Amino acid sequence: MRDERSVHRWVLRRETHSSRTGAAVAVASVLAVVMVAAAGVGAWWFAAPGSRDAIGGWLGTASSVTGDRVALTTAGVVALVLALVLIALAVLPGRLPRRARSADRLAVLVDDGVLADAVADAVAARCGVDPRQVSATVGRRRTTVRVTPTSGVPVDHAAATEAAADAVAAVGFTTTARLTVAPQGVVS
């Protein structure tokens with residue numbers, strides 16, 4: 001039986017990373033088809049006495065005709081790009097926009113959008129602006145806050161940055177806050 005910490009770790013990992021099964025199955029299927037086709041061509045190459053001449057003649061005519069050469073090159077480039085995308089999807093980790101924390105008896109999963117809303121509300125309250133004038137985006141390592149001030153009312157840059165950092169730290173996460181104040185305000 002698993003202890004609580006290992007269950008928390010497993011559940012949080014599962015909820016913060018997307019599945020790579022579909023891309024891995026697609027890559028494996030394409031590779032299987034290519035291997036079967038290569039084995040079939042190889043067997044035909046050795047079994048049929050005139051196959052070498054037939055393949056050589058086909059390749060010779062395809063390389064001499066410009067339209068066929070362009071079509072073959074285009075097909076090869078498309079296949080290469082598709083293969084690279086599928087391999088990247090199958091191999092690279094797929095992080096979801098969520099953050100996880102766990103304690104002895106508790107596991108917490110917070111969506112980055114919810115965290116961004118909390119940061120925007122905290123900055124709006126600290127700066128005394130309407131919450132509709134503040135937007136925030138929480139990335140992996142950085143929190144970006146955009147404030148559109150009310151015309152004639154300055155925004156305290158240090159207080160807004162501190163409010164953003166405090167809102168993220170209150171939940172138990174750390175990011176670097178970056179504040180952008182719009183050059184023109186809105187009429188209240």
# chains A, B, ... in the order shown; residues from 1 in each chain; ligands from 1

call {"tool": "select_by_dssp", "arguments": {"residues": "region 26-142 of chain A", "states": "helix (DSSP H, G or I)", "output": "compact mmCIF listing (two decimals) with N, CA, C and O atoms, in the first residue's frame"}}
result
# COMPACT_ATOMS: atom_id res chain seq x y z
N ALA A 26 1.38 7.36 -32.26
CA ALA A 26 1.50 7.80 -33.66
C ALA A 26 2.91 7.58 -34.18
O ALA A 26 3.09 7.09 -35.30
N VAL A 27 3.91 7.94 -33.38
CA VAL A 27 5.30 7.73 -33.79
C VAL A 27 5.58 6.25 -33.98
O VAL A 27 6.20 5.83 -34.97
N ALA A 28 5.14 5.42 -33.05
CA ALA A 28 5.37 3.98 -33.15
C ALA A 28 4.66 3.39 -34.38
O ALA A 28 5.21 2.52 -35.07
N SER A 29 3.46 3.85 -34.66
CA SER A 29 2.71 3.35 -35.83
C SER A 29 3.41 3.73 -37.13
O SER A 29 3.54 2.90 -38.04
N VAL A 30 3.85 4.99 -37.23
CA VAL A 30 4.55 5.43 -38.44
C VAL A 30 5.84 4.64 -38.61
O VAL A 30 6.17 4.20 -39.72
N LEU A 31 6.59 4.45 -37.54
CA LEU A 31 7.82 3.68 -37.62
C LEU A 31 7.55 2.22 -38.01
O LEU A 31 8.32 1.64 -38.79
N ALA A 32 6.48 1.64 -37.50
CA ALA A 32 6.14 0.26 -37.86
C ALA A 32 5.81 0.16 -39.35
O ALA A 32 6.25 -0.78 -40.03
N VAL A 33 5.03 1.11 -39.86
CA VAL A 33 4.69 1.10 -41.29
C VAL A 33 5.94 1.26 -42.15
O VAL A 33 6.12 0.56 -43.16
N VAL A 34 6.83 2.17 -41.75
CA VAL A 34 8.08 2.38 -42.50
C VAL A 34 8.94 1.13 -42.48
O VAL A 34 9.52 0.74 -43.50
N MET A 35 9.03 0.47 -41.34
CA MET A 35 9.84 -0.74 -41.23
C MET A 35 9.27 -1.87 -42.10
O MET A 35 10.03 -2.58 -42.77
N VAL A 36 7.95 -2.04 -42.10
CA VAL A 36 7.32 -3.08 -42.92
C VAL A 36 7.53 -2.76 -44.41
O VAL A 36 7.85 -3.66 -45.20
N ALA A 37 7.37 -1.49 -44.78
CA ALA A 37 7.58 -1.11 -46.18
C ALA A 37 9.03 -1.33 -46.59
O ALA A 37 9.31 -1.82 -47.69
N ALA A 38 9.98 -0.97 -45.71
CA ALA A 38 11.40 -1.17 -46.03
C ALA A 38 11.72 -2.66 -46.16
O ALA A 38 12.48 -3.06 -47.05
N ALA A 39 11.14 -3.47 -45.29
CA ALA A 39 11.38 -4.91 -45.38
C ALA A 39 10.79 -5.47 -46.68
O ALA A 39 11.39 -6.32 -47.34
N GLY A 40 9.60 -4.99 -47.07
CA GLY A 40 8.98 -5.44 -48.32
C GLY A 40 9.79 -5.04 -49.54
O GLY A 40 10.01 -5.84 -50.45
N VAL A 41 10.29 -3.81 -49.56
CA VAL A 41 11.11 -3.36 -50.69
C VAL A 41 12.43 -4.12 -50.71
O VAL A 41 12.91 -4.51 -51.79
N GLY A 42 12.99 -4.36 -49.54
CA GLY A 42 14.24 -5.12 -49.48
C GLY A 42 14.06 -6.55 -49.98
O GLY A 42 14.91 -7.07 -50.73
N ALA A 43 12.97 -7.19 -49.58
CA ALA A 43 12.70 -8.55 -50.05
C ALA A 43 12.46 -8.56 -51.56
O ALA A 43 12.94 -9.45 -52.27
N TRP A 44 11.72 -7.58 -52.05
CA TRP A 44 11.46 -7.50 -53.48
C TRP A 44 12.76 -7.24 -54.25
O TRP A 44 12.97 -7.76 -55.32
N TRP A 45 13.63 -6.43 -53.67
CA TRP A 45 14.91 -6.11 -54.30
C TRP A 45 15.74 -7.37 -54.53
O TRP A 45 16.36 -7.53 -55.58
N PHE A 46 15.75 -8.25 -53.54
CA PHE A 46 16.56 -9.47 -53.68
C PHE A 46 15.82 -10.59 -54.39
O PHE A 46 16.45 -11.43 -55.04
N ALA A 47 14.51 -10.66 -54.31
CA ALA A 47 13.75 -11.79 -54.87
C ALA A 47 13.53 -11.66 -56.38
O ALA A 47 13.66 -12.63 -57.11
N SER A 51 14.05 -6.27 -60.55
CA SER A 51 13.57 -5.18 -59.71
C SER A 51 14.58 -4.05 -59.60
O SER A 51 14.20 -2.89 -59.54
N ARG A 52 15.86 -4.38 -59.59
CA ARG A 52 16.89 -3.33 -59.49
C ARG A 52 16.83 -2.41 -60.69
O ARG A 52 16.91 -1.20 -60.58
N ASP A 53 16.67 -3.01 -61.86
CA ASP A 53 16.59 -2.19 -63.07
C ASP A 53 15.30 -1.36 -63.09
O ASP A 53 15.30 -0.20 -63.51
N ALA A 54 14.20 -1.96 -62.62
CA ALA A 54 12.93 -1.23 -62.61
C ALA A 54 12.99 -0.05 -61.65
O ALA A 54 12.54 1.07 -61.97
N ILE A 55 13.53 -0.26 -60.45
CA ILE A 55 13.65 0.83 -59.48
C ILE A 55 14.62 1.88 -59.99
O ILE A 55 14.38 3.08 -59.89
N GLY A 56 15.75 1.44 -60.55
CA GLY A 56 16.71 2.38 -61.11
C GLY A 56 16.12 3.19 -62.24
O GLY A 56 16.37 4.40 -62.36
N GLY A 57 15.34 2.56 -63.09
CA GLY A 57 14.69 3.27 -64.19
C GLY A 57 13.67 4.28 -63.69
O GLY A 57 13.58 5.40 -64.18
N TRP A 58 12.89 3.87 -62.68
CA TRP A 58 11.90 4.79 -62.12
C TRP A 58 12.58 5.98 -61.46
O TRP A 58 12.16 7.12 -61.65
N LEU A 59 13.63 5.75 -60.69
CA LEU A 59 14.36 6.84 -60.05
C LEU A 59 15.04 7.72 -61.08
O LEU A 59 15.13 8.94 -60.91
N GLY A 60 15.53 7.12 -62.17
CA GLY A 60 16.17 7.91 -63.22
C GLY A 60 15.19 8.82 -63.91
O GLY A 60 15.50 9.99 -64.19
N THR A 61 13.99 8.33 -64.20
CA THR A 61 12.99 9.18 -64.84
C THR A 61 12.45 10.21 -63.86
O THR A 61 12.15 11.33 -64.25
N ALA A 62 12.34 9.87 -62.59
CA ALA A 62 11.84 10.83 -61.60
C ALA A 62 12.84 11.95 -61.37
O ALA A 62 12.46 13.10 -61.15
N SER A 63 14.13 11.62 -61.45
CA SER A 63 15.13 12.67 -61.24
C SER A 63 15.34 13.52 -62.48
O SER A 63 15.84 14.63 -62.39
N SER A 64 14.93 13.01 -63.65
CA SER A 64 15.11 13.81 -64.87
C SER A 64 13.93 14.73 -65.13
O SER A 64 14.08 15.75 -65.78
N THR A 66 11.42 17.50 -63.96
CA THR A 66 11.45 18.53 -62.92
C THR A 66 10.22 18.49 -62.03
O THR A 66 10.30 18.64 -60.83
N GLY A 67 9.04 18.27 -62.60
CA GLY A 67 7.81 18.23 -61.81
C GLY A 67 7.81 17.11 -60.80
O GLY A 67 7.39 17.29 -59.65
N ASP A 68 8.27 15.94 -61.21
CA ASP A 68 8.33 14.81 -60.27
C ASP A 68 9.36 15.07 -59.18
O ASP A 68 9.17 14.69 -58.04
N ARG A 69 10.46 15.70 -59.54
CA ARG A 69 11.50 15.98 -58.55
C ARG A 69 10.97 16.95 -57.49
O ARG A 69 11.20 16.77 -56.31
N VAL A 70 10.23 17.96 -57.92
CA VAL A 70 9.66 18.93 -56.98
C VAL A 70 8.63 18.25 -56.09
O VAL A 70 8.59 18.48 -54.88
N ALA A 71 7.81 17.39 -56.68
CA ALA A 71 6.80 16.69 -55.89
C ALA A 71 7.45 15.76 -54.87
O ALA A 71 7.01 15.70 -53.71
N LEU A 72 8.48 15.03 -55.29
CA LEU A 72 9.16 14.14 -54.36
C LEU A 72 9.87 14.91 -53.26
O LEU A 72 9.84 14.52 -52.08
N THR A 73 10.49 16.03 -53.60
CA THR A 73 11.17 16.85 -52.60
C THR A 73 10.17 17.44 -51.62
O THR A 73 10.39 17.44 -50.40
N THR A 74 9.04 17.93 -52.11
CA THR A 74 8.01 18.49 -51.25
C THR A 74 7.45 17.43 -50.31
O THR A 74 7.26 17.67 -49.12
N ALA A 75 7.18 16.25 -50.85
CA ALA A 75 6.67 15.16 -50.02
C ALA A 75 7.69 14.77 -48.95
O ALA A 75 7.32 14.51 -47.79
N GLY A 76 8.95 14.75 -49.32
CA GLY A 76 9.99 14.42 -48.34
C GLY A 76 10.11 15.46 -47.25
O GLY A 76 10.26 15.12 -46.07
N VAL A 77 10.02 16.73 -47.60
CA VAL A 77 10.10 17.80 -46.59
C VAL A 77 8.89 17.76 -45.67
O VAL A 77 9.03 17.90 -44.44
N VAL A 78 7.71 17.55 -46.22
CA VAL A 78 6.50 17.45 -45.39
C VAL A 78 6.60 16.26 -44.45
O VAL A 78 6.26 16.36 -43.26
N ALA A 79 7.06 15.13 -44.95
CA ALA A 79 7.21 13.95 -44.09
C ALA A 79 8.25 14.19 -43.00
O ALA A 79 8.05 13.77 -41.85
N LEU A 80 9.33 14.87 -43.32
CA LEU A 80 10.36 15.17 -42.32
C LEU A 80 9.82 16.09 -41.24
O LEU A 80 10.04 15.84 -40.05
N VAL A 81 9.11 17.14 -41.62
CA VAL A 81 8.55 18.07 -40.62
C VAL A 81 7.53 17.35 -39.74
O VAL A 81 7.52 17.52 -38.51
N LEU A 82 6.67 16.55 -40.35
CA LEU A 82 5.69 15.79 -39.58
C LEU A 82 6.36 14.83 -38.62
O LEU A 82 5.96 14.70 -37.46
N ALA A 83 7.42 14.17 -39.06
CA ALA A 83 8.15 13.25 -38.19
C ALA A 83 8.79 13.98 -37.03
O ALA A 83 8.74 13.51 -35.88
N LEU A 84 9.38 15.13 -37.28
CA LEU A 84 10.01 15.91 -36.21
C LEU A 84 8.98 16.39 -35.19
O LEU A 84 9.22 16.35 -33.98
N VAL A 85 7.81 16.83 -35.66
CA VAL A 85 6.76 17.27 -34.75
C VAL A 85 6.27 16.11 -33.90
O VAL A 85 6.10 16.24 -32.67
N LEU A 86 6.02 14.97 -34.51
CA LEU A 86 5.54 13.80 -33.75
C LEU A 86 6.58 13.33 -32.74
O LEU A 86 6.23 12.99 -31.60
N ILE A 87 7.83 13.31 -33.12
CA ILE A 87 8.88 12.89 -32.18
C ILE A 87 8.99 13.88 -31.03
O ILE A 87 9.13 13.48 -29.87
N ALA A 88 8.91 15.18 -31.34
CA ALA A 88 8.96 16.18 -30.27
C ALA A 88 7.79 16.04 -29.31
O ALA A 88 7.95 16.11 -28.09
N LEU A 89 6.59 15.81 -29.85
CA LEU A 89 5.42 15.62 -28.99
C LEU A 89 5.54 14.36 -28.14
O LEU A 89 5.08 14.33 -27.00
N ALA A 90 6.14 13.34 -28.69
CA ALA A 90 6.25 12.08 -27.95
C ALA A 90 7.32 12.13 -26.88
O ALA A 90 7.21 11.46 -25.85
N VAL A 91 8.34 12.94 -27.08
CA VAL A 91 9.49 12.91 -26.17
C VAL A 91 9.46 14.05 -25.15
O VAL A 91 9.76 13.84 -23.97
N ASP A 112 -2.92 28.22 -13.08
CA ASP A 112 -2.23 29.50 -13.24
C ASP A 112 -3.21 30.64 -13.50
O ASP A 112 -2.96 31.78 -13.11
N GLY A 113 -4.32 30.37 -14.14
CA GLY A 113 -5.32 31.40 -14.38
C GLY A 113 -5.95 31.89 -13.09
O GLY A 113 -6.21 33.09 -12.92
N VAL A 114 -6.22 30.99 -12.17
CA VAL A 114 -6.78 31.36 -10.87
C VAL A 114 -5.76 32.18 -10.09
O VAL A 114 -6.10 33.19 -9.46
N LEU A 115 -4.51 31.76 -10.14
CA LEU A 115 -3.44 32.49 -9.47
C LEU A 115 -3.29 33.89 -10.08
O LEU A 115 -3.09 34.87 -9.36
N ALA A 116 -3.42 34.01 -11.39
CA ALA A 116 -3.32 35.31 -12.06
C ALA A 116 -4.46 36.23 -11.64
O ALA A 116 -4.26 37.43 -11.43
N ASP A 117 -5.66 35.67 -11.50
CA ASP A 117 -6.79 36.48 -11.04
C ASP A 117 -6.57 36.98 -9.62
O ASP A 117 -6.89 38.13 -9.30
N ALA A 118 -6.01 36.14 -8.76
CA ALA A 118 -5.72 36.57 -7.39
C ALA A 118 -4.67 37.67 -7.37
O ALA A 118 -4.78 38.64 -6.60
N VAL A 119 -3.66 37.56 -8.21
CA VAL A 119 -2.63 38.60 -8.30
C VAL A 119 -3.24 39.90 -8.80
O VAL A 119 -2.97 40.98 -8.26
N ALA A 120 -4.07 39.83 -9.83
CA ALA A 120 -4.70 41.04 -10.37
C ALA A 120 -5.58 41.71 -9.33
O ALA A 120 -5.57 42.95 -9.19
N ASP A 121 -6.34 40.94 -8.58
CA ASP A 121 -7.19 41.51 -7.53
C ASP A 121 -6.35 42.16 -6.43
O ASP A 121 -6.70 43.23 -5.93
N ALA A 122 -5.25 41.52 -6.04
CA ALA A 122 -4.39 42.09 -4.99
C ALA A 122 -3.75 43.39 -5.45
O ALA A 122 -3.68 44.36 -4.68
N VAL A 123 -3.28 43.44 -6.69
CA VAL A 123 -2.66 44.66 -7.21
C VAL A 123 -3.71 45.77 -7.33
O VAL A 123 -3.44 46.93 -6.99
N ALA A 124 -4.92 45.44 -7.79
CA ALA A 124 -5.98 46.44 -7.91
C ALA A 124 -6.34 47.00 -6.54
O ALA A 124 -6.54 48.22 -6.39
N ALA A 125 -6.43 46.15 -5.53
CA ALA A 125 -6.76 46.62 -4.19
C ALA A 125 -5.64 47.49 -3.62
O ALA A 125 -5.91 48.53 -3.00
N ARG A 126 -4.40 47.09 -3.82
CA ARG A 126 -3.27 47.86 -3.27
C ARG A 126 -3.11 49.20 -3.97
O ARG A 126 -2.78 50.19 -3.35
N CYS A 127 -3.36 49.26 -5.28
CA CYS A 127 -3.16 50.50 -6.04
C CYS A 127 -4.40 51.39 -6.07
O CYS A 127 -4.33 52.54 -6.52
N PRO A 131 -10.66 46.81 -10.61
CA PRO A 131 -10.09 45.51 -10.99
C PRO A 131 -10.11 45.24 -12.50
O PRO A 131 -9.31 44.46 -13.00
N ARG A 132 -11.00 45.90 -13.23
CA ARG A 132 -11.03 45.72 -14.69
C ARG A 132 -9.85 46.39 -15.38
O ARG A 132 -9.59 46.14 -16.54
N GLN A 133 -9.11 47.24 -14.66
CA GLN A 133 -7.97 47.93 -15.22
C GLN A 133 -6.66 47.19 -14.96
O GLN A 133 -5.60 47.68 -15.32

call {"tool": "select_by_dssp", "arguments": {"residues": "region 70-176 of chain A", "states": "strand (DSSP E or B)", "output": "PyMOL selection string"}}
result
chain A and resi 95+98-102+107-111+134-138+142-147+150+176

call {"tool": "residues_around", "arguments": {"residues": "Pro149 (chain A)", "least_positions_apart": "3", "cutoff": "9 Å", "atoms": "only C-alpha atoms", "output": "VMD selection string"}}
result
chain A and resid 127 129 to 130 133 to 134 152 to 155 181 to 187

call {"tool": "closest_residue", "arguments": {"among": "A:Gly22, A:Gly128, A:Gly139, A:Gly94", "to": "Ala160 (chain A)", "atoms": "only C-alpha atoms"}}
result
A:Gly128

call {"tool": "residues_around", "arguments": {"residues": "region 140-144 of chain A", "least_positions_apart": "4", "cutoff": "10 Å", "atoms": "only C-alpha atoms", "output": "VMD selection string"}}
result
chain A and resid 95 97 to 99 112 115 to 116 119 to 120 135 to 136 161 164 to 165 168 173 to 180

call {"tool": "closest_residue", "arguments": {"among": "A:Thr148, A:Asp166, A:Arg105, A:Leu96", "to": "Arg13 (chain A)", "atoms": "only C-alpha atoms"}}
result
A:Leu96

call {"tool": "closest_residue", "arguments": {"among": "A:Ala170, A:Ala163, A:Val147, A:Leu109", "to": "Thr16 (chain A)", "atoms": "only C-alpha atoms"}}
result
A:Leu109
